[in-house]
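Enquirer: Contents are CSV, C-alpha atoms; file name upload_38.csv:
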```csv
chain,number,residue,atom,x,y,z
A,1,MET,CA,-36.4,5.3,-2.6
A,2,ASN,CA,-36.9,1.8,-1.2
A,3,ILE,CA,-40.0,1.7,0.9
A,4,LEU,CA,-41.3,-1.1,3.1
A,5,SER,CA,-44.9,-1.1,4.3
A,6,VAL,CA,-45.3,-3.3,7.4
A,7,VAL,CA,-48.7,-4.7,8.6
A,8,ILE,CA,-48.5,-6.5,11.9
A,9,ALA,CA,-51.4,-8.8,12.9
A,10,ARG,CA,-51.2,-11.4,15.6
A,11,GLY,CA,-53.7,-14.1,16.3
A,12,GLY,CA,-54.3,-13.4,19.9
A,13,SER,CA,-56.5,-10.6,21.2
A,14,LYS,CA,-57.9,-10.0,24.6
A,15,GLY,CA,-60.7,-7.5,23.9
A,16,ILE,CA,-62.0,-9.1,20.7
A,17,PRO,CA,-61.0,-12.7,20.2
A,18,ARG,CA,-59.4,-13.3,16.8
A,19,LYS,CA,-60.0,-9.6,16.1
A,20,ASN,CA,-57.8,-9.4,13.0
A,21,LEU,CA,-60.0,-12.0,11.3
A,22,ALA,CA,-63.3,-10.3,12.3
A,23,ASP,CA,-65.7,-9.8,9.3
A,24,VAL,CA,-65.9,-6.2,8.0
A,25,GLY,CA,-67.9,-5.8,4.8
A,26,GLY,CA,-67.5,-9.5,3.9
A,27,ILE,CA,-63.7,-9.8,4.2
A,28,PRO,CA,-61.4,-10.2,7.2
A,29,LEU,CA,-60.4,-7.1,9.1
A,30,VAL,CA,-56.7,-7.5,8.2
A,31,ALA,CA,-57.5,-7.6,4.5
A,32,HIS,CA,-58.7,-3.9,4.4
A,33,ILE,CA,-55.4,-2.3,5.2
A,34,ILE,CA,-53.6,-4.6,2.8
A,35,LYS,CA,-56.0,-3.6,0.0
A,36,SER,CA,-55.4,0.1,0.8
A,37,ALA,CA,-51.7,-0.3,0.8
A,38,LEU,CA,-51.6,-2.2,-2.5
A,39,GLY,CA,-53.4,0.6,-4.1
A,40,VAL,CA,-50.6,3.1,-3.5
A,41,LYS,CA,-49.0,4.3,-6.7
A,42,THR,CA,-45.6,4.7,-5.0
A,43,SER,CA,-43.5,1.5,-5.4
A,44,THR,CA,-43.4,-0.3,-2.1
A,45,ASP,CA,-42.8,-3.8,-0.7
A,46,LEU,CA,-45.7,-4.9,1.5
A,47,VAL,CA,-45.1,-7.5,4.2
A,48,LEU,CA,-47.5,-9.0,6.8
A,49,SER,CA,-45.9,-10.0,10.1
A,50,THR,CA,-47.9,-12.6,12.0
A,51,GLU,CA,-47.4,-15.8,14.0
A,52,ASP,CA,-50.8,-17.1,13.0
A,53,GLU,CA,-51.2,-19.5,10.1
A,54,GLU,CA,-54.7,-18.5,9.3
A,55,ILE,CA,-53.9,-14.8,9.2
A,56,ALA,CA,-50.8,-15.5,7.1
A,57,LYS,CA,-53.0,-17.4,4.6
A,58,ILE,CA,-55.4,-14.4,4.4
A,59,GLY,CA,-52.5,-12.0,3.9
A,60,LEU,CA,-51.2,-14.0,0.9
A,61,GLU,CA,-54.7,-14.3,-0.5
A,62,PHE,CA,-55.1,-10.5,-0.6
A,63,GLY,CA,-51.6,-9.8,-2.0
A,64,ALA,CA,-49.2,-9.2,0.9
A,65,GLU,CA,-45.9,-10.9,1.1
A,66,VAL,CA,-45.6,-13.3,4.1
A,67,PRO,CA,-42.1,-14.8,3.6
A,68,PHE,CA,-41.5,-15.5,7.3
A,69,MET,CA,-43.6,-16.2,10.4
A,70,ARG,CA,-43.2,-14.0,13.4
A,71,PRO,CA,-41.5,-15.8,16.4
A,72,GLN,CA,-43.7,-16.5,19.4
A,73,GLU,CA,-41.6,-14.2,21.7
A,74,LEU,CA,-42.8,-11.3,19.5
A,75,ALA,CA,-46.4,-12.3,19.6
A,76,GLY,CA,-47.3,-11.9,23.3
A,77,ASP,CA,-49.8,-9.5,24.9
A,78,ASP,CA,-47.1,-7.3,26.3
A,79,VAL,CA,-45.0,-7.0,23.1
A,80,THR,CA,-45.0,-3.5,21.7
A,81,SER,CA,-45.2,-2.8,17.9
A,82,LEU,CA,-41.6,-1.4,17.6
A,83,PRO,CA,-39.6,-4.7,18.0
A,84,VAL,CA,-42.1,-6.5,15.7
A,85,VAL,CA,-41.6,-3.8,13.0
A,86,GLN,CA,-37.8,-4.0,13.5
A,87,HIS,CA,-37.9,-7.7,13.1
A,88,ALA,CA,-39.8,-7.4,9.8
A,89,VAL,CA,-37.4,-4.9,8.5
A,90,ILE,CA,-34.4,-7.1,9.2
A,91,GLN,CA,-36.1,-10.1,7.7
A,92,MET,CA,-37.1,-8.3,4.5
A,93,GLU,CA,-33.7,-6.7,4.0
A,94,ASN,CA,-32.1,-10.1,4.3
A,95,ILE,CA,-34.6,-11.6,1.8
A,96,LYS,CA,-34.6,-8.8,-0.7
A,97,GLY,CA,-30.9,-8.0,-0.5
A,98,TYR,CA,-31.3,-4.2,-0.3
A,99,ARG,CA,-31.8,-1.7,2.4
A,100,TYR,CA,-35.0,0.3,2.9
A,101,ASP,CA,-35.1,4.1,3.1
A,102,ILE,CA,-38.6,4.5,4.5
A,103,ILE,CA,-40.5,2.2,6.9
A,104,ASN,CA,-44.3,2.6,6.6
A,105,TYR,CA,-46.0,1.0,9.6
A,106,LEU,CA,-49.7,0.3,9.0
A,107,GLN,CA,-52.3,-0.9,11.5
A,108,PRO,CA,-55.0,-3.4,10.5
A,109,THR,CA,-57.2,-2.0,13.4
A,110,ALA,CA,-57.8,1.1,11.2
A,111,PRO,CA,-59.5,-0.7,8.3
A,112,LEU,CA,-61.2,2.4,6.9
A,113,CYS,CA,-57.8,4.0,6.2
A,114,ARG,CA,-57.7,5.1,2.5
A,115,THR,CA,-55.1,4.5,-0.1
A,116,ILE,CA,-54.8,8.3,-0.6
A,117,ASP,CA,-54.0,8.8,3.0
A,118,ILE,CA,-51.1,6.3,2.8
A,119,GLU,CA,-49.9,7.8,-0.5
A,120,ASN,CA,-50.0,11.3,1.0
A,121,CYS,CA,-47.9,10.3,4.0
A,122,LEU,CA,-45.3,8.7,1.8
A,123,GLN,CA,-45.2,11.6,-0.6
A,124,LYS,CA,-44.9,14.2,2.2
A,125,LEU,CA,-42.0,12.3,3.8
A,126,LYS,CA,-40.2,12.1,0.4
A,127,ASP,CA,-40.8,15.8,-0.4
A,128,ASN,CA,-39.7,17.1,3.0
A,129,LYS,CA,-36.0,16.2,3.5
A,130,GLU,CA,-35.9,17.5,7.0
A,131,ALA,CA,-38.8,15.5,8.3
A,132,GLU,CA,-38.2,12.3,10.1
A,133,SER,CA,-41.8,11.0,10.1
A,134,VAL,CA,-45.3,11.6,8.8
A,135,VAL,CA,-48.4,10.3,10.5
A,136,THR,CA,-52.1,10.5,9.9
A,137,ILE,CA,-54.0,12.8,12.3
A,138,ILE,CA,-57.6,13.8,13.1
A,139,GLU,CA,-59.0,16.8,14.9
A,140,SER,CA,-59.5,15.7,18.6
A,141,PRO,CA,-63.1,15.7,19.7
A,142,VAL,CA,-62.1,16.6,23.3
A,143,HIS,CA,-59.9,19.7,23.8
A,144,PRO,CA,-57.2,19.4,26.4
A,145,PHE,CA,-58.3,22.7,28.0
A,146,LYS,CA,-61.6,20.9,28.9
A,147,MET,CA,-59.9,17.8,30.3
A,148,LYS,CA,-59.7,17.1,34.0
A,149,ARG,CA,-57.8,14.9,36.4
A,150,VAL,CA,-58.7,13.6,39.9
A,151,VAL,CA,-56.4,14.1,42.9
A,152,ASP,CA,-56.9,13.4,46.6
A,153,GLU,CA,-59.4,10.7,45.7
A,154,ASP,CA,-62.2,12.9,44.4
A,155,ARG,CA,-61.0,16.5,43.8
A,156,VAL,CA,-61.3,17.5,40.2
A,157,ILE,CA,-58.7,19.9,38.7
A,158,ASN,CA,-57.8,21.0,35.2
A,159,PHE,CA,-55.4,18.7,33.4
A,160,ILE,CA,-53.8,21.8,31.9
A,161,ASP,CA,-53.7,24.6,34.5
A,162,GLN,CA,-54.5,27.9,32.8
A,163,GLY,CA,-55.3,29.6,36.1
A,164,PHE,CA,-59.0,29.7,35.4
A,165,GLU,CA,-61.9,27.4,34.5
A,166,ASP,CA,-62.2,27.5,30.7
A,167,MET,CA,-65.8,27.8,29.7
A,168,ARG,CA,-65.2,28.9,26.1
A,169,PRO,CA,-67.1,27.1,23.4
A,170,ARG,CA,-65.1,24.5,21.5
A,171,GLN,CA,-65.3,26.5,18.3
A,172,SER,CA,-63.3,29.4,19.8
A,173,LEU,CA,-60.5,27.2,21.1
A,174,PRO,CA,-57.3,26.5,19.0
A,175,LYS,CA,-57.6,23.3,17.1
A,176,VAL,CA,-55.8,20.3,18.5
A,177,TYR,CA,-55.2,17.0,16.8
A,178,LYS,CA,-54.3,13.4,17.7
A,179,ARG,CA,-52.8,10.5,15.8
A,180,SER,CA,-55.4,8.5,13.9
A,181,GLY,CA,-53.5,5.3,14.6
A,182,ALA,CA,-53.4,4.2,10.9
A,183,VAL,CA,-50.2,5.3,9.2
A,184,TYR,CA,-46.7,5.8,10.6
A,185,ALA,CA,-44.2,6.6,7.9
A,186,SER,CA,-40.6,7.1,9.1
A,187,ARG,CA,-37.1,7.1,7.8
A,188,ARG,CA,-35.2,3.9,8.5
A,189,SER,CA,-32.9,5.5,11.0
A,190,VAL,CA,-35.8,6.4,13.2
A,191,VAL,CA,-37.0,2.8,13.5
A,192,MET,CA,-33.7,1.0,13.5
A,193,ASN,CA,-31.3,3.5,15.1
A,194,GLN,CA,-33.5,5.7,17.2
A,195,ASN,CA,-35.7,2.8,18.3
A,196,SER,CA,-38.9,4.7,17.7
A,197,LEU,CA,-41.9,4.5,15.3
A,198,VAL,CA,-42.1,8.3,15.2
A,199,GLY,CA,-39.2,10.7,14.8
A,200,GLU,CA,-38.8,14.5,15.2
A,201,PRO,CA,-39.7,16.6,13.3
A,202,CYS,CA,-42.9,14.8,12.5
A,203,LEU,CA,-45.4,16.0,10.0
A,204,GLY,CA,-49.1,15.3,9.9
A,205,VAL,CA,-51.6,14.4,7.2
A,206,ILE,CA,-55.2,15.3,8.3
A,207,VAL,CA,-57.7,12.6,7.5
A,208,PRO,CA,-61.5,12.4,7.8
A,209,LYS,CA,-62.6,11.3,11.2
A,210,GLU,CA,-65.0,8.7,9.8
A,211,THR,CA,-62.0,6.9,8.2
A,212,ALA,CA,-60.0,6.9,11.4
A,213,VAL,CA,-61.7,4.6,13.8
A,214,ASP,CA,-59.1,2.5,15.6
A,215,ILE,CA,-60.7,-0.8,16.8
A,216,ASP,CA,-60.0,-1.5,20.4
A,217,THR,CA,-63.4,-2.7,21.7
A,218,PRO,CA,-66.5,-4.6,20.4
A,219,GLU,CA,-68.3,-1.2,20.1
A,220,ASP,CA,-65.5,0.1,17.8
A,221,LEU,CA,-65.9,-2.9,15.6
A,222,GLU,CA,-69.6,-2.4,15.3
A,223,LEU,CA,-69.1,1.3,14.5
A,224,VAL,CA,-66.6,0.4,11.8
A,225,ARG,CA,-69.1,-2.0,10.2
A,226,LEU,CA,-71.7,0.7,10.1
A,227,LEU,CA,-69.3,3.3,8.7
A,228,TYR,CA,-68.0,0.8,6.1
A,229,LYS,CA,-71.6,0.1,4.9
A,230,LYS,CA,-72.4,3.9,4.8
A,231,ILE,CA,-69.2,4.7,2.9
A,232,ASN,CA,-69.8,2.0,0.3
A,233,LEU,CA,-73.5,3.0,-0.1
A,234,ASN,CA,-72.4,6.5,-0.9
A,235,LYS,CA,-69.9,5.5,-3.6
```
Write out the structure in this file as structure tokens.

Expert:
Amino acid sequence: MNILSVVIARGGSKGIPRKNLADVGGIPLVAHIIKSALGVKTSTDLVLSTEDEEIAKIGLEFGAEVPFMRPQELAGDDVTSLPVVQHAVIQMENIKGYRYDIINYLQPTAPLCRTIDIENCLQKLKDNKEAESVVTIIESPVHPFKMKRVVDEDRVINFIDQGFEDMRPRQSLPKVYKRSGAVYASRRSVVMNQNSLVGEPCLGVIVPKETAVDIDTPEDLELVRLLYKKINLNK
């Protein structure tokens, strides 16, 4: 099967200026997911989509293909990931001269994502013919039965109405999961025809929570730096 792994990393960032170039363990943030993707045994093409010359240079240095620059209209604050991934697929298929079967979208904001997690997602999608997508997931630290919403300005009600106030300990509740935000492996038809990064049915690969921090805030970045140091000290 022809597989394309796509890393998208733009130069602009509101929460953390130049976030994708932030130092984590002595190398730029964007380099971590590239290194993990290159370690996958399954044969894949790996492309970095960016509009930023410095990020493009880093991508090339660490082994990603950067055969095109992302157009500015796909690099704005309000542009979602889907059209950027679709643009990368079209560009790479034109360059390579063949069509991809699986599109593997990887986020640089999850730098602790492991090679084995990417490999497991790809293998599960290849092994399960009925599956449209496979994503990395972690157990949610907050159960939806415990979540609230506010109505009428300050009235607190259950987000999920069970008809009673759920005071059971977390350990007795059914496990729930959320996407880790690292790996989204989907069949080409999902991305290009269904216009989605996740199709149905979607399977999950459970990953350790310490490898699944998705960097949105400066606090997330500091946490990742601490976890990276801890993980490497224990190797």

Enquirer: Could you check which of A:Arg10, A:Ile3, A:Pro17, A:Asp23 is closest to A:Pro71, using all atoms listed in the file?

Expert: A:Arg10

Enquirer: Give me, as a list in words, all polymer residues having an atom no more than 6 Å from stretch 191-208 of chain A, counting all atoms listed in the file and skipping those fewer than 6 positions away in the same chain.

Expert: Ala131, Glu132, Ser133, Val134, Val135, Thr136, Ile137 and Ile138 of chain A

Enquirer: Could you take the residues named above and write them with C-alpha atoms, as a CSV table (one decimal), in the coordinates of the input?

Expert:
```
chain,number,residue,atom,x,y,z
A,131,ALA,CA,-38.8,15.5,8.3
A,132,GLU,CA,-38.2,12.3,10.1
A,133,SER,CA,-41.8,11.0,10.1
A,134,VAL,CA,-45.3,11.6,8.8
A,135,VAL,CA,-48.4,10.3,10.5
A,136,THR,CA,-52.1,10.5,9.9
A,137,ILE,CA,-54.0,12.8,12.3
A,138,ILE,CA,-57.6,13.8,13.1
```

Enquirer: Just want the 10 Å neighbourhood of A:Cys113, counted on all atoms listed in the file, with same-chain residues fewer than 3 positions away dropped. Output as a count of residues only.

Expert: 25

Enquirer: From the options A:Met167, A:Met1, A:Ile8, A:Ile160, which residue's atoms come nearest to A:Asn20, counting only C-alpha atoms?

Expert: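 That would be A:Ile8, the residue with the smallest distance to A:Asn20.
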
Enquirer: Here's a test: counting only C-alpha atoms, identify every protein, DNA and RNA residue with an atom at most 12 Å from (-34.1, -5.4, 10.5) in the file's coordinate frame, and state them as a list in words.

Expert: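 Selection result: Leu4, Val6, Leu82, Pro83, Val84, Val85, Gln86, His87, Ala88, Val89, Ile90, Gln91, Met92, Glu93, Asn94, Ile95, Lys96, Gly97, Tyr98, Arg99, Tyr100, Ile103, Arg188, Ser189, Val191, Met192, Asn193 and Asn195 of chain A.
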
Enquirer: Take the residues from that selection and write them out as a tab-separated table (two decimals), keeping the file's coordinate frame, keeping C-alpha atoms.

Expert:
```
chain	number	residue	atom	x	y	z
A	4	LEU	CA	-41.30	-1.10	3.10
A	6	VAL	CA	-45.30	-3.30	7.40
A	82	LEU	CA	-41.60	-1.40	17.60
A	83	PRO	CA	-39.60	-4.70	18.00
A	84	VAL	CA	-42.10	-6.50	15.70
A	85	VAL	CA	-41.60	-3.80	13.00
A	86	GLN	CA	-37.80	-4.00	13.50
A	87	HIS	CA	-37.90	-7.70	13.10
A	88	ALA	CA	-39.80	-7.40	9.80
A	89	VAL	CA	-37.40	-4.90	8.50
A	90	ILE	CA	-34.40	-7.10	9.20
A	91	GLN	CA	-36.10	-10.10	7.70
A	92	MET	CA	-37.10	-8.30	4.50
A	93	GLU	CA	-33.70	-6.70	4.00
A	94	ASN	CA	-32.10	-10.10	4.30
A	95	ILE	CA	-34.60	-11.60	1.80
A	96	LYS	CA	-34.60	-8.80	-0.70
A	97	GLY	CA	-30.90	-8.00	-0.50
A	98	TYR	CA	-31.30	-4.20	-0.30
A	99	ARG	CA	-31.80	-1.70	2.40
A	100	TYR	CA	-35.00	0.30	2.90
A	103	ILE	CA	-40.50	2.20	6.90
A	188	ARG	CA	-35.20	3.90	8.50
A	189	SER	CA	-32.90	5.50	11.00
A	191	VAL	CA	-37.00	2.80	13.50
A	192	MET	CA	-33.70	1.00	13.50
A	193	ASN	CA	-31.30	3.50	15.10
A	195	ASN	CA	-35.70	2.80	18.30
```

Enquirer: Name the closest residue to A:Met69 among the candidates A:Pro218, A:Pro144, A:Pro169, A:Gly11; distances are taken between atoms, counting all atoms listed in the file.

Expert: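 Residue with the minimum atom-to-atom distance to A:Met69: A:Gly11.
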
Enquirer: Please provide as a ChimeraX atom specification all residues within 7 Å of A:Ala64, with the sequence filter that same-chain residues fewer than 6 positions apart are discarded (counting all atoms listed in the file).

Expert: /A:34,46-48
